[in-house]
$ cat data.cif   # mmCIF, C-alpha atoms
data_model
#
loop_
_atom_site.label_atom_id
_atom_site.label_comp_id
_atom_site.auth_asym_id
_atom_site.auth_seq_id
_atom_site.Cartn_x
_atom_site.Cartn_y
_atom_site.Cartn_z
CA MET A 71 39.98 6.29 -4.00
CA LYS A 72 39.72 2.52 -4.07
CA ARG A 73 38.61 1.03 -7.35
CA ASP A 74 35.98 -1.11 -5.60
CA LYS A 75 34.43 1.73 -3.62
CA VAL A 76 30.76 2.60 -4.09
CA PRO A 77 30.36 5.81 -6.18
CA GLN A 78 28.70 8.20 -3.74
CA LYS A 79 27.47 10.43 -6.57
CA LEU A 80 25.56 7.47 -7.96
CA VAL A 81 24.09 6.83 -4.50
CA ALA A 82 23.01 10.48 -4.40
CA GLU A 83 21.34 10.06 -7.81
CA LEU A 84 19.50 6.99 -6.58
CA ILE A 85 18.28 8.86 -3.50
CA GLU A 86 17.01 11.73 -5.64
CA ILE A 87 15.39 9.63 -8.36
CA THR A 88 13.79 7.04 -6.07
CA ASN A 89 12.89 9.50 -3.30
CA ARG A 90 14.29 7.05 -0.76
CA THR A 91 16.66 7.58 2.15
CA LYS A 92 20.36 6.72 2.03
CA ARG A 93 19.69 3.99 4.58
CA ARG A 94 17.08 2.46 2.30
CA ILE A 95 19.46 2.55 -0.68
CA ASP A 96 22.15 0.90 1.45
CA GLN A 97 19.63 -1.80 2.35
CA LYS A 98 18.89 -2.31 -1.34
CA ILE A 99 22.61 -2.69 -2.06
CA GLN A 100 23.04 -5.18 0.78
CA LYS A 101 19.99 -7.13 -0.40
CA LYS A 102 21.53 -7.33 -3.88
CA ILE A 103 24.75 -8.72 -2.38
CA SER A 104 22.69 -11.31 -0.52
CA ASP A 105 20.76 -12.20 -3.69
CA TYR A 106 24.07 -13.06 -5.36
CA ASP A 107 25.18 -15.21 -2.40
CA TYR A 108 27.81 -12.63 -1.35
CA THR A 109 29.80 -13.19 -4.56
CA ILE A 110 29.74 -9.51 -5.58
CA SER A 111 31.17 -6.35 -4.03
CA ARG A 112 29.12 -3.38 -2.80
CA ARG A 113 30.28 -1.40 -5.84
CA ILE A 114 28.90 -3.96 -8.30
CA ALA A 115 25.74 -4.33 -6.19
CA CYS A 116 25.23 -0.56 -6.39
CA PHE A 117 25.39 -0.71 -10.20
CA LEU A 118 22.84 -3.55 -10.22
CA VAL A 119 20.50 -1.52 -8.00
CA ALA A 120 20.87 1.43 -10.35
CA LYS A 121 20.03 -0.87 -13.26
CA ASP A 122 16.85 -1.98 -11.46
CA TYR A 123 15.77 1.68 -11.29
CA ASN A 124 16.85 2.42 -14.89
CA VAL A 125 19.47 4.90 -13.69
CA ASN A 126 22.33 5.44 -16.15
CA PHE A 127 25.52 4.47 -14.32
CA SER A 128 27.85 4.05 -17.32
CA LYS A 129 29.91 7.14 -16.48
CA TYR A 130 31.00 5.54 -13.19
CA LEU A 131 32.27 2.32 -14.76
CA ASN A 132 35.89 1.38 -15.28
CA GLU A 133 37.04 -1.56 -17.40
CA GLU A 134 37.19 -3.89 -14.40
CA ASP A 135 33.59 -2.98 -13.52
CA ARG A 136 32.43 -3.77 -17.05
CA GLU A 137 34.08 -7.19 -16.96
CA LYS A 138 32.58 -8.01 -13.56
CA LEU A 139 29.12 -6.96 -14.71
CA ARG A 140 29.47 -9.17 -17.79
CA GLN A 141 30.42 -12.09 -15.54
CA VAL A 142 27.53 -11.43 -13.19
CA SER A 143 25.09 -11.17 -16.06
CA SER A 144 26.22 -14.44 -17.64
CA PHE A 145 26.26 -16.26 -14.33
CA ALA A 146 23.11 -14.84 -12.72
CA ARG A 147 20.84 -17.66 -13.83
CA GLN A 148 23.03 -20.36 -12.32
CA ILE A 149 23.33 -18.48 -9.02
CA ARG A 150 19.53 -18.32 -8.80
CA ASP A 151 19.23 -21.99 -9.69
CA THR A 152 21.78 -23.24 -7.17
CA SER A 153 21.25 -20.87 -4.25
CA PRO A 154 20.02 -22.66 -1.10
CA LYS A 155 17.89 -19.60 -0.30
CA ILE A 156 15.42 -20.34 -3.08
CA VAL A 157 14.69 -23.88 -1.92
CA LYS A 158 11.27 -23.81 -0.26
CA LYS A 159 10.16 -26.30 2.34
CA LYS A 160 7.44 -27.66 0.13
CA THR A 161 10.05 -28.29 -2.58
CA THR A 162 12.17 -30.25 -0.14
CA LYS A 163 9.19 -32.38 0.90
CA SER A 164 8.29 -33.22 -2.67
CA LEU A 165 11.90 -34.03 -3.62
CA LYS A 166 12.42 -37.76 -4.12
CA PRO A 167 16.13 -38.52 -4.61
CA LEU A 168 16.83 -41.09 -7.30
CA LYS A 169 13.17 -41.25 -8.26
CA GLY A 170 12.62 -43.95 -10.85
CA MET A 171 15.78 -45.86 -9.95
CA ARG A 172 15.13 -49.44 -8.85
CA SER A 173 17.27 -52.30 -7.67
CA LYS A 174 16.24 -54.18 -10.82
CA GLU A 175 18.58 -51.96 -12.85
CA PRO A 176 21.70 -53.86 -14.09
CA PHE A 177 24.46 -54.12 -11.44
CA LEU A 178 22.44 -52.09 -8.95
CA PRO A 179 21.79 -54.08 -5.77
CA SER A 180 19.17 -52.74 -3.37
CA LYS A 181 21.81 -52.09 -0.68
CA LEU A 182 23.72 -49.75 -3.01
CA LEU A 183 20.56 -47.88 -3.92
CA ASP A 184 19.62 -47.49 -0.24
CA LYS A 185 23.06 -46.06 0.52
CA ALA A 186 22.78 -43.66 -2.42
CA ARG A 187 19.48 -42.34 -1.08
CA GLU A 188 20.95 -41.97 2.40
CA MET A 189 23.98 -40.02 1.09
CA ALA A 190 21.73 -37.82 -1.06
CA GLU A 191 19.47 -36.96 1.85
CA LYS A 192 21.75 -36.85 4.90
CA ALA A 193 25.33 -36.21 3.79
CA TYR A 194 25.85 -34.46 0.45
CA PRO A 195 23.63 -31.37 1.07
CA PHE A 196 25.42 -30.65 4.35
CA LEU A 197 28.86 -30.89 2.77
CA TYR A 198 27.75 -28.77 -0.19
CA ILE A 199 26.44 -26.04 2.10
CA PHE A 200 29.48 -26.10 4.39
CA GLU A 201 32.10 -25.91 1.64
CA ASN A 202 30.37 -23.05 -0.14
CA SER A 203 29.75 -21.23 3.13
CA VAL A 204 33.48 -21.36 3.92
CA ARG A 205 34.28 -20.08 0.42
CA ASN A 206 31.85 -17.18 0.80
CA VAL A 207 33.17 -16.23 4.25
CA ILE A 208 36.75 -16.28 2.95
CA LYS A 209 35.89 -14.20 -0.11
CA ILE A 210 33.97 -11.58 1.84
CA LEU A 211 36.44 -11.20 4.71
CA MET A 212 39.47 -11.12 2.39
CA GLU A 213 37.82 -8.64 0.04
CA ASN A 214 36.91 -6.47 2.99
CA LYS A 215 40.55 -6.49 4.17
CA TYR A 216 42.54 -6.40 0.92
CA GLY A 217 40.13 -5.20 -1.77
CA SER A 218 38.84 -6.89 -4.90
CA ASN A 219 42.31 -8.09 -5.98
CA TRP A 220 42.88 -10.00 -2.74
CA TRP A 221 43.33 -13.28 -4.61
CA ASP A 222 46.35 -12.02 -6.55
CA ARG A 223 47.89 -10.43 -3.46
CA ARG A 224 47.28 -13.15 -0.89
CA VAL A 225 46.98 -16.39 -2.87
CA LYS A 226 48.64 -16.11 -6.26
CA GLN A 227 51.78 -14.44 -4.92
CA LEU A 228 52.10 -16.70 -1.87
CA HIS A 229 50.85 -20.02 -3.21
CA ARG A 230 51.44 -20.23 -6.94
CA SER A 231 50.56 -23.94 -6.96
CA ILE A 232 47.02 -23.21 -5.74
CA ASP A 233 46.52 -20.51 -8.35
CA ASP A 234 47.96 -22.75 -11.09
CA GLU A 235 45.56 -25.58 -10.21
CA VAL A 236 42.61 -23.20 -10.03
CA GLN A 237 43.56 -21.75 -13.42
CA ARG A 238 43.82 -25.27 -14.85
CA ARG A 239 40.29 -26.04 -13.65
CA MET A 240 38.98 -22.80 -15.11
CA ASN A 241 40.66 -23.46 -18.46
CA ASP A 242 39.27 -27.00 -18.51
CA GLU A 243 35.81 -25.62 -17.91
CA LYS A 244 36.18 -23.10 -20.72
CA GLN A 245 37.29 -25.82 -23.13
CA ASN A 246 34.21 -27.91 -22.34
CA ARG A 247 31.61 -25.30 -23.18
CA TRP A 248 29.02 -28.01 -23.87
CA HIS A 249 28.73 -28.49 -20.10
CA SER A 250 26.32 -25.76 -19.00
CA SER A 251 27.02 -25.83 -15.24
CA LYS A 252 29.84 -23.53 -14.11
CA ARG A 253 31.53 -23.24 -10.76
CA GLY A 254 31.42 -19.49 -10.19
CA ILE A 255 32.60 -16.04 -11.16
CA HIS A 256 35.59 -15.94 -8.78
CA LYS A 257 38.64 -18.17 -8.41
CA ILE A 258 37.64 -19.07 -4.84
CA TYR A 259 34.89 -21.31 -6.28
CA TYR A 260 37.51 -23.46 -8.01
CA THR A 261 39.29 -24.34 -4.76
CA ASP A 262 38.93 -27.42 -2.58
CA LEU A 263 38.84 -27.68 1.22
CA GLU A 264 42.61 -28.10 1.50
CA ASP A 265 43.11 -24.83 -0.42
CA LEU A 266 40.63 -23.11 1.90
CA ARG A 267 42.53 -24.35 4.94
CA ILE A 268 45.79 -22.91 3.61
CA ILE A 269 44.21 -19.54 2.82
CA ILE A 270 42.75 -19.28 6.33
CA GLU A 271 45.97 -20.32 8.07
CA ASP A 272 48.07 -17.85 6.09
CA ASN A 273 45.66 -14.99 6.81
CA TRP A 274 44.75 -15.79 10.38
CA THR A 275 44.53 -12.13 11.46
CA VAL A 276 41.58 -11.81 9.07
CA PHE A 277 39.75 -14.91 10.28
CA LYS A 278 40.36 -14.84 14.03
CA LYS A 279 37.16 -12.80 14.39
CA ILE A 280 35.32 -16.08 13.69
CA HIS A 281 37.04 -17.94 16.55
CA ASN A 282 40.02 -17.05 18.72
CA ARG A 283 41.44 -20.55 18.27
CA ARG A 284 42.83 -21.24 14.83
CA SER A 285 42.71 -24.99 15.50
CA TRP A 286 38.91 -24.86 15.92
CA ILE A 287 38.35 -23.75 12.32
CA ILE A 288 41.09 -25.94 10.86
CA GLU A 289 39.82 -29.05 12.68
CA HIS A 290 36.30 -28.51 11.33
CA ILE A 291 37.59 -28.14 7.78
CA MET A 292 39.93 -31.12 7.98
CA GLN A 293 37.40 -33.48 9.56
CA LEU A 294 34.81 -32.61 6.94
CA LYS A 295 37.45 -32.87 4.21
CA TYR A 296 37.85 -36.61 4.83
CA SER A 297 34.11 -37.22 4.56
CA ARG A 298 33.89 -34.99 1.51
CA ASN A 299 36.63 -36.95 -0.27
CA ILE A 300 34.81 -40.23 0.34
CA ILE A 301 31.52 -38.81 -1.01
CA ALA A 302 33.35 -37.25 -3.98
CA HIS A 303 34.60 -40.70 -4.98
CA ASN A 304 31.10 -42.16 -4.76
CA ASN A 305 31.60 -44.16 -1.59
CA PRO A 306 29.17 -44.25 1.36
CA LEU A 307 29.77 -42.85 4.84
CA THR A 308 28.97 -44.59 8.10
CA ARG A 309 26.07 -43.27 10.15
CA ARG A 310 28.55 -42.11 12.79
CA ASP A 311 30.36 -40.01 10.17
CA ILE A 312 27.07 -38.60 8.92
CA THR A 313 26.13 -37.56 12.46
CA SER A 314 29.57 -36.00 12.89
CA ILE A 315 29.15 -34.03 9.64
CA GLN A 316 25.83 -32.60 10.72
CA THR A 317 27.16 -31.70 14.16
CA LYS A 318 30.27 -29.95 12.81
CA ILE A 319 28.27 -27.95 10.28
CA HIS A 320 25.76 -26.79 12.88
CA GLU A 321 28.68 -25.71 15.06
CA TRP A 322 30.15 -23.75 12.13
CA PHE A 323 26.92 -21.85 11.50
CA ASP A 324 26.44 -21.19 15.21
CA GLN A 325 29.93 -19.69 15.25
CA ILE A 326 29.54 -17.38 12.24
CA LYS A 327 25.94 -16.29 12.82
CA ASP A 328 26.96 -13.27 14.92
CA LEU A 329 29.38 -11.83 12.36
CA LYS A 330 28.27 -8.28 11.70
CA ILE A 331 27.52 -7.15 8.14
CA SER A 332 30.13 -4.42 8.65
CA ASP A 333 32.67 -7.18 9.32
CA ILE A 334 31.91 -9.23 6.25
CA SER A 335 30.87 -6.81 3.50
CA SER A 336 33.27 -4.92 1.28
#
$ encode --input "data.cif" --output "structure tokens"
Amino acid sequence: MKRDKVPQKLVAELIEITNRTKRRIDQKIQKKISDYDYTISRRIACFLVAKDYNVNFSKYLNEEDREKLRQVSSFARQIRDTSPKIVKKKTTKSLKPLKGMRSKEPFLPSKLLDKAREMAEKAYPFLYIFENSVRNVIKILMENKYGSNWWDRRVKQLHRSIDDEVQRRMNDEKQNRWHSSKRGIHKIYYTDLEDLRIIIEDNWTVFKKIHNRRSWIIEHIMQLKYSRNIIAHNNPLTRRDITSIQTKIHEWFDQIKDLKISDISS
């Protein structure tokens, strides 16, 4: 039996204790996965559902499960804080980027401030959502195909340089514990767009269900990579590039919206 498989005896306990159907319990598990932005497996989600109902699940845990649950517990607050799902429309309307900043500040001309507001409103959120969406799709599809240790099997063994750089970033984060924001609970969240491109290209049989043309996905990633690099170095984009970003991202979400849960959940 796979180590990341949902314990069916625990599911049976949940059905009996909660007096709910198996379908309803499965929905609860899937909702828990969604709550954690698809960063956890069905097995871990099942344990979290059991915890919600005060069902003792300790006898089903292995050491890997315990470590993952510790990671989820320590990272849960940040996931809730950064998840796009919790941003309400009224919050967006009341948000005023760079509130309090004025062109009278030293070395801050009005043109620079205007560009900063434009990037904050029209460029950065789109790039943030796209990059993390690609990471989540990769993690879910790869985990579904290769299991929870897919990173070691399909990235670390094939591209040691990517894993080394990711590990360096993780170690750097651990050393600077004063900085409260963390990237994630999986190595995929320490990658950049170029790493994501390589992972997709080297595992095309997994990702061709998104689009039958590999070049379509790669082109979207590469075109957005250039804009992302400019933003990351605190430089403004042209309005044409901003329009292109928004178009490409809408195309990406249109393309993945019909992926079935059975295709993308482990």
$ resolve_selection --input "data.cif" --expression "the PyMOL selection byres ((chain A and resi 115) around 10)" --output "list in words"
Val76, Asp96, Lys98, Ile99, Gln100, Lys101, Lys102, Ile103, Ser104, Asp105, Tyr106, Tyr108, Thr109, Ile110, Ser111, Arg112, Arg113, Ile114, Cys116, Phe117, Leu118, Val119, Ala120, Lys121 and Leu139 of chain A
$ residues_around --input "data.cif" --residues "A:Ile287" --least-positions-apart "6" --cutoff "12 Å" --atoms "only C-alpha atoms" --output "NGL selection string"
:A and (204 or 263 or 266-271 or 274 or 277-281 or 293-294 or 318-319 or 321-323 or 325-326)
$ atom_distance --input "data.cif" --atom1 "atom CA of A:Thr308" --atom2 "atom CA of A:Glu289"
19.5 Å
$ resolve_selection --input "data.cif" --expression "the PyMOL selection byres ((chain A and resi 189) around 10)" --output "MDAnalysis selection string"
chainID A and resid 167 183:188 190:195 301 304:309 312
$ atom_distance --input "data.cif" --atom1 "atom CA of A:Pro77" --atom2 "atom CA of A:Phe127"
9.6 Å
$ resolve_selection --input "data.cif" --expression "the PyMOL selection byres ((chain A and resi 205) around 9)" --output "mmCIF file with C-alpha atoms, keeping the file's coordinate frame"
data_model
loop_
_atom_site.group_PDB
_atom_site.id
_atom_site.type_symbol
_atom_site.label_atom_id
_atom_site.label_comp_id
_atom_site.auth_asym_id
_atom_site.auth_seq_id
_atom_site.Cartn_x
_atom_site.Cartn_y
_atom_site.Cartn_z
ATOM 1 C CA PHE A 200 29.480 -26.100 4.390
ATOM 2 C CA GLU A 201 32.100 -25.910 1.640
ATOM 3 C CA ASN A 202 30.370 -23.050 -0.140
ATOM 4 C CA SER A 203 29.750 -21.230 3.130
ATOM 5 C CA VAL A 204 33.480 -21.360 3.920
ATOM 6 C CA ASN A 206 31.850 -17.180 0.800
ATOM 7 C CA VAL A 207 33.170 -16.230 4.250
ATOM 8 C CA ILE A 208 36.750 -16.280 2.950
ATOM 9 C CA LYS A 209 35.890 -14.200 -0.110
ATOM 10 C CA ILE A 210 33.970 -11.580 1.840
ATOM 11 C CA ILE A 258 37.640 -19.070 -4.840
ATOM 12 C CA TYR A 259 34.890 -21.310 -6.280
ATOM 13 C CA THR A 261 39.290 -24.340 -4.760
ATOM 14 C CA LEU A 263 38.840 -27.680 1.220
ATOM 15 C CA LEU A 266 40.630 -23.110 1.900
#
$ atom_distance --input "data.cif" --atom1 "atom CA of A:Met212" --atom2 "atom CA of A:Asp233"
15.9 Å
